[in-house]
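**Q** Here it is, the structure, as structure tokens.
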Amino acid sequence: MIEIVPLTGIGEVRPGDDLADILHVALDRCGIEPHAGDLLVVTQKIVSKAEGRFMSLADVEPGEEAQRLADITRKDARLVQLVLDESSAILRAVPHVLIARHRLGHVMANAGIDRSNIGAGEGDRALLLPVDPDGTASQLHARLGLPVVISDSFGRPWRMGVVAVAIGAAGLPALQDRRGELDRDGRTLEVTQVALADIVATAACRATGEGAEGIPAALVRGCPLTGPARPAADLVRPVHEDLFA
């Protein structure tokens, strides 16, 4: 049986906070004694906050391309400039939609830049993705002794609604390669790879929420973690294999 336990009472995370210590205290406060096979899902937002990934829009000077895309998308040109700065390519620009390939390889709206639930602050701010989510997950894994997934919300091109995916992972096989195994009828699996870190990220999202819940982490218990550890970067499809780029 898989169990998902929300970590409540964490409160607002600020730049420079020791995130591993905050999570350790939260586990104790919730009376959670981690077991072998447990893993921790941490939302991107508190990672970015702790790492100080805030940008003041007042400090952003939009360039010509940002202005052009802002006219198309009807978005704030300063926000568009941040998207350009965080991206390797712009894939789609239509009214109210700007899809980018983030420098980490993720294809996502607005390069993952967020302005909701980022806490009080001076002026108009935006929050960028962490610089190295796999690296941060590795540090948290070492400090906490638990496999760690850093999750973020993604839309999907062919389905409505968002799901959570892993943008960072350590201590677990983010991508499980089951090619070569046999199915129940003895047939060899030829293409099956399981995005385990994405699966647990979305499962944990039922506890952390997408709105004003204020629960930025959850413990997932009972999920088999078989296979060698692989980072979340292995979940990003190479550009040359992207049939829809």
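Chain labels run A, B, ... following the order of the structure tokens; each chain numbers its residues from 1, and ligands are numbered from 1 in the order shown.
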Residues of stretch 111-225 of chain A that approach stretch 43-66 of chain A to 9 Å or less, counting only C-alpha atoms: could you list each one with the shortest pair of atoms and its distance in Å to one decimal, rows by chain and increasing residue number, as a tab-separated table?

**A**
residue	atom	partner	partner_atom	distance
A:Asp114	CA	A:Lys45	CA	8.6
A:Asn117	CA	A:Lys45	CA	8.4
A:Ile118	CA	A:Lys45	CA	7.6
A:Glu122	CA	A:Ser56	CA	8.3
A:Gly123	CA	A:Ser56	CA	6.9
A:Asp124	CA	A:Leu57	CA	5.8
A:Arg125	CA	A:Ser56	CA	4.5
A:Ala126	CA	A:Met55	CA	5.3
A:Leu127	CA	A:Phe54	CA	4.6
A:Leu128	CA	A:Arg53	CA	5.4
A:Leu129	CA	A:Ser48	CA	5.9
A:Pro130	CA	A:Ser48	CA	5.0
A:Val131	CA	A:Arg53	CA	8.4
A:Pro133	CA	A:Gln44	CA	8.3
A:Thr136	CA	A:Val47	CA	8.0
A:Val149	CA	A:Thr43	CA	8.3
A:Ile150	CA	A:Thr43	CA	5.5
A:Ser151	CA	A:Thr43	CA	4.8
A:Asp152	CA	A:Gln44	CA	5.5
A:Ser153	CA	A:Gln44	CA	8.8
A:Ile167	CA	A:Gln44	CA	8.0
A:Gly168	CA	A:Gln44	CA	8.7
A:Ala201	CA	A:Thr43	CA	8.8
A:Cys205	CA	A:Thr43	CA	8.8
A:Thr208	CA	A:Thr43	CA	8.1
A:Ile215	CA	A:Thr43	CA	8.9
A:Pro216	CA	A:Thr43	CA	5.4
A:Ala217	CA	A:Thr43	CA	6.0
A:Ala218	CA	A:Thr43	CA	8.9

**Q** Between A:Ala229, A:Ala203, A:Leu144, A:Met108, which has the minimum distance to A:Ile2 (counting only C-alpha atoms)?

**A**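 Comparing A:Ala229, A:Ala203, A:Leu144, A:Met108 against A:Ile2, the winner is A:Ala203.
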
**Q** Using only C-alpha atoms, which residues sit within 12 Å of A:Leu104 once same-chain residues fewer than 6 positions away are excluded, as a ChimeraX atom specification?

**A** /A:86-89,111-112,129-134,167-168,232-239

**Q** Using the selection just defined, write its residues with N, CA and C atoms as an mmCIF file, in the first residue's frame.

**A**
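Output file result-v1.cif follows:
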data_model
loop_
_atom_site.group_PDB
_atom_site.id
_atom_site.type_symbol
_atom_site.label_atom_id
_atom_site.label_comp_id
_atom_site.auth_asym_id
_atom_site.auth_seq_id
_atom_site.Cartn_x
_atom_site.Cartn_y
_atom_site.Cartn_z
ATOM 1 N N GLU A 86 15.913 32.714 -19.357
ATOM 2 C CA GLU A 86 15.948 31.382 -18.745
ATOM 3 C C GLU A 86 15.846 30.255 -19.771
ATOM 4 N N SER A 87 15.695 30.592 -21.041
ATOM 5 C CA SER A 87 15.346 29.582 -22.041
ATOM 6 C C SER A 87 16.415 29.433 -23.111
ATOM 7 N N SER A 88 16.385 28.238 -23.738
ATOM 8 C CA SER A 88 17.244 28.013 -24.904
ATOM 9 C C SER A 88 16.476 28.206 -26.201
ATOM 10 N N ALA A 89 15.134 28.163 -26.134
ATOM 11 C CA ALA A 89 14.320 28.361 -27.335
ATOM 12 C C ALA A 89 12.891 28.689 -26.938
ATOM 13 N N ALA A 111 8.781 29.239 -19.088
ATOM 14 C CA ALA A 111 10.061 28.751 -18.562
ATOM 15 C C ALA A 111 9.996 28.462 -17.065
ATOM 16 N N GLY A 112 8.810 28.093 -16.599
ATOM 17 C CA GLY A 112 8.656 27.759 -15.187
ATOM 18 C C GLY A 112 8.632 28.942 -14.254
ATOM 19 N N LEU A 129 13.017 29.016 -11.609
ATOM 20 C CA LEU A 129 13.345 27.660 -11.203
ATOM 21 C C LEU A 129 14.725 27.627 -10.525
ATOM 22 N N PRO A 130 14.982 26.605 -9.721
ATOM 23 C CA PRO A 130 16.325 26.458 -9.140
ATOM 24 C C PRO A 130 17.382 26.349 -10.236
ATOM 25 N N VAL A 131 18.602 26.714 -9.904
ATOM 26 C CA VAL A 131 19.696 26.649 -10.882
ATOM 27 C C VAL A 131 20.019 25.199 -11.227
ATOM 28 N N ASP A 132 20.076 24.328 -10.230
ATOM 29 C CA ASP A 132 20.477 22.937 -10.414
ATOM 30 C C ASP A 132 19.602 22.038 -9.542
ATOM 31 N N PRO A 133 18.377 21.729 -9.987
ATOM 32 C CA PRO A 133 17.470 20.950 -9.139
ATOM 33 C C PRO A 133 18.002 19.575 -8.764
ATOM 34 N N ASP A 134 18.673 18.876 -9.692
ATOM 35 C CA ASP A 134 19.243 17.580 -9.343
ATOM 36 C C ASP A 134 20.322 17.734 -8.272
ATOM 37 N N ILE A 167 11.550 17.748 -11.462
ATOM 38 C CA ILE A 167 12.615 18.511 -12.119
ATOM 39 C C ILE A 167 13.948 18.272 -11.425
ATOM 40 N N GLY A 168 13.925 17.602 -10.268
ATOM 41 C CA GLY A 168 15.132 17.213 -9.556
ATOM 42 C C GLY A 168 14.889 15.896 -8.853
ATOM 43 N N ALA A 232 16.709 13.429 -12.313
ATOM 44 C CA ALA A 232 15.556 13.873 -13.094
ATOM 45 C C ALA A 232 15.951 14.312 -14.493
ATOM 46 N N ALA A 233 17.197 14.708 -14.673
ATOM 47 C CA ALA A 233 17.654 15.108 -16.012
ATOM 48 C C ALA A 233 17.469 13.991 -17.022
ATOM 49 N N ASP A 234 17.487 12.727 -16.553
ATOM 50 C CA ASP A 234 17.307 11.599 -17.470
ATOM 51 C C ASP A 234 15.882 11.500 -17.997
ATOM 52 N N LEU A 235 14.952 12.236 -17.401
ATOM 53 C CA LEU A 235 13.569 12.242 -17.866
ATOM 54 C C LEU A 235 13.357 13.185 -19.048
ATOM 55 N N VAL A 236 14.308 14.057 -19.295
ATOM 56 C CA VAL A 236 14.160 15.042 -20.377
ATOM 57 C C VAL A 236 14.505 14.375 -21.711
ATOM 58 N N ARG A 237 13.542 14.350 -22.612
ATOM 59 C CA ARG A 237 13.771 13.742 -23.924
ATOM 60 C C ARG A 237 14.750 14.600 -24.722
ATOM 61 N N PRO A 238 15.805 13.996 -25.261
ATOM 62 C CA PRO A 238 16.745 14.777 -26.078
ATOM 63 C C PRO A 238 16.041 15.455 -27.253
ATOM 64 N N VAL A 239 16.522 16.618 -27.620
ATOM 65 C CA VAL A 239 15.865 17.387 -28.685
ATOM 66 C C VAL A 239 15.805 16.580 -29.982
#

**Q** Just the residues within 8 Å of A:Val148, please, counting only C-alpha atoms, with nothing from its chain fewer than 5 positions along; format it as a list in words.

**A**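 Once the adjacent positions are removed, what remains is Leu39, Leu40, Val41, Val42, Ala137, Ser138, Leu140, His141, Gly168, Ala169, Ala170, Gly171 and Leu172 of chain A.
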
**Q** Just all heavy atoms for this one: save the residues we selected as a compact mmCIF listing (two decimals), in the first residue's frame.

**A**
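Printed below is part-v3.txt as written:
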# COMPACT_ATOMS: atom_id res chain seq x y z
N LEU A 39 10.37 8.12 0.57
CA LEU A 39 11.01 9.20 -0.18
C LEU A 39 10.26 10.49 0.12
O LEU A 39 9.10 10.48 0.54
CB LEU A 39 11.04 8.91 -1.68
CG LEU A 39 9.73 8.80 -2.45
CD1 LEU A 39 9.31 10.14 -3.02
CD2 LEU A 39 9.86 7.78 -3.57
N LEU A 40 10.95 11.60 -0.12
CA LEU A 40 10.38 12.91 0.18
C LEU A 40 10.21 13.69 -1.12
O LEU A 40 11.14 13.79 -1.92
CB LEU A 40 11.33 13.67 1.11
CG LEU A 40 10.79 14.92 1.81
CD1 LEU A 40 9.63 14.58 2.73
CD2 LEU A 40 11.91 15.59 2.61
N VAL A 41 9.00 14.21 -1.33
CA VAL A 41 8.73 15.07 -2.47
C VAL A 41 8.64 16.51 -1.97
O VAL A 41 7.87 16.81 -1.06
CB VAL A 41 7.42 14.67 -3.18
CG1 VAL A 41 7.11 15.64 -4.33
CG2 VAL A 41 7.51 13.24 -3.71
N VAL A 42 9.46 17.36 -2.54
CA VAL A 42 9.56 18.76 -2.14
C VAL A 42 9.20 19.63 -3.33
O VAL A 42 9.72 19.43 -4.43
CB VAL A 42 10.99 19.10 -1.67
CG1 VAL A 42 11.08 20.54 -1.19
CG2 VAL A 42 11.44 18.13 -0.57
N ALA A 137 18.56 18.35 -4.98
CA ALA A 137 17.99 17.10 -4.51
C ALA A 137 19.07 16.20 -3.90
O ALA A 137 18.86 15.55 -2.87
CB ALA A 137 17.27 16.37 -5.65
N SER A 138 20.25 16.19 -4.53
CA SER A 138 21.36 15.38 -4.02
C SER A 138 21.81 15.86 -2.65
O SER A 138 22.09 15.06 -1.75
CB SER A 138 22.53 15.42 -5.02
OG SER A 138 23.59 14.60 -4.58
N LEU A 140 19.95 17.52 -0.42
CA LEU A 140 18.90 17.19 0.54
C LEU A 140 18.93 15.69 0.86
O LEU A 140 18.73 15.29 2.02
CB LEU A 140 17.53 17.59 -0.01
CG LEU A 140 17.27 19.09 -0.15
CD1 LEU A 140 15.95 19.34 -0.87
CD2 LEU A 140 17.28 19.79 1.21
N HIS A 141 19.15 14.87 -0.14
CA HIS A 141 19.24 13.42 0.07
C HIS A 141 20.37 13.09 1.04
O HIS A 141 20.20 12.26 1.96
CB HIS A 141 19.48 12.75 -1.29
CG HIS A 141 19.81 11.30 -1.23
ND1 HIS A 141 19.09 10.39 -0.50
CD2 HIS A 141 20.81 10.59 -1.82
CE1 HIS A 141 19.60 9.18 -0.64
NE2 HIS A 141 20.66 9.28 -1.43
N GLY A 168 13.93 17.60 -10.27
CA GLY A 168 15.13 17.21 -9.56
C GLY A 168 14.89 15.90 -8.85
O GLY A 168 13.77 15.62 -8.42
N ALA A 169 15.92 15.07 -8.74
CA ALA A 169 15.76 13.78 -8.05
C ALA A 169 17.12 13.27 -7.62
O ALA A 169 18.13 13.47 -8.31
CB ALA A 169 15.06 12.75 -8.94
N ALA A 170 17.14 12.57 -6.49
CA ALA A 170 18.36 11.94 -6.00
C ALA A 170 17.99 10.78 -5.09
O ALA A 170 17.02 10.85 -4.34
CB ALA A 170 19.23 12.95 -5.24
N GLY A 171 18.75 9.69 -5.20
CA GLY A 171 18.54 8.55 -4.33
C GLY A 171 17.50 7.57 -4.81
O GLY A 171 17.15 6.63 -4.08
N LEU A 172 16.99 7.74 -6.02
CA LEU A 172 15.98 6.84 -6.57
C LEU A 172 16.13 6.80 -8.08
O LEU A 172 16.74 7.70 -8.67
CB LEU A 172 14.56 7.28 -6.20
CG LEU A 172 13.99 8.51 -6.93
CD1 LEU A 172 12.47 8.48 -6.90
CD2 LEU A 172 14.51 9.80 -6.31

**Q** Figure out the distance between atom CA of A:Ala174 and atom CA of A:Ile90, please, to one decimal in Å.

**A** 26.5 Å

**Q** Which of these residues is nearest to A:Val97, using only C-alpha atoms: A:Asp85, A:Asp21, A:Asp183, A:Asp76?

**A** A:Asp76

**Q** So what do you get for atom CA of A:Val191 versus atom CA of A:Gly227, distance-wise?

**A**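 Between atom CA of A:Val191 and atom CA of A:Gly227 the gap works out to 16.7 Å.
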
**Q** Name the residues of stretch 77-235 of chain A that come out as helix (DSSP H, G or I) in a backbone DSSP run; write them as a count of residues only.

**A** 42

**Q** For A:Gly222, find every residue with an atom within 10 Å (counting only C-alpha atoms), except residues of its own chain fewer than 4 positions away, and show them as a list in words.

**A**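 The residues that qualify are Met1, Ile2, Glu3, Ile4, His35, Ala36, Gly37, Asp38 and Leu39 of chain A.
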
**Q** Those residues with C-alpha atoms, as a tab-separated table (two decimals), in the first residue's frame please?

**A**
chain	number	residue	atom	x	y	z
A	1	MET	CA	0.00	0.00	0.00
A	2	ILE	CA	1.26	3.45	-0.91
A	3	GLU	CA	0.81	6.15	1.71
A	4	ILE	CA	1.26	9.89	1.23
A	35	HIS	CA	11.53	4.00	7.01
A	36	ALA	CA	13.59	2.27	4.35
A	37	GLY	CA	11.84	2.82	1.03
A	38	ASP	CA	10.35	6.19	2.01
A	39	LEU	CA	11.01	9.20	-0.18

**Q** What does the structure give for the distance between atom CA of A:Gln81 and atom CA of A:Phe244, in Å to one decimal?

**A**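 A separation of 24.7 Å between them.
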
**Q** For a quick check of understanding, using only C-alpha atoms, which of A:Arg78, A:Gly214, A:Arg206, A:Gly105 has the smallest distance to A:Thr8?

**A**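 Once distances to A:Thr8 are computed over only C-alpha atoms, the minimum belongs to A:Gly214.
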
**Q** Considering only C-alpha atoms, state which residue in the set A:Val165, A:Val220, A:Ile72, A:Leu91 is at the smallest distance from A:Val5.

**A** A:Val220
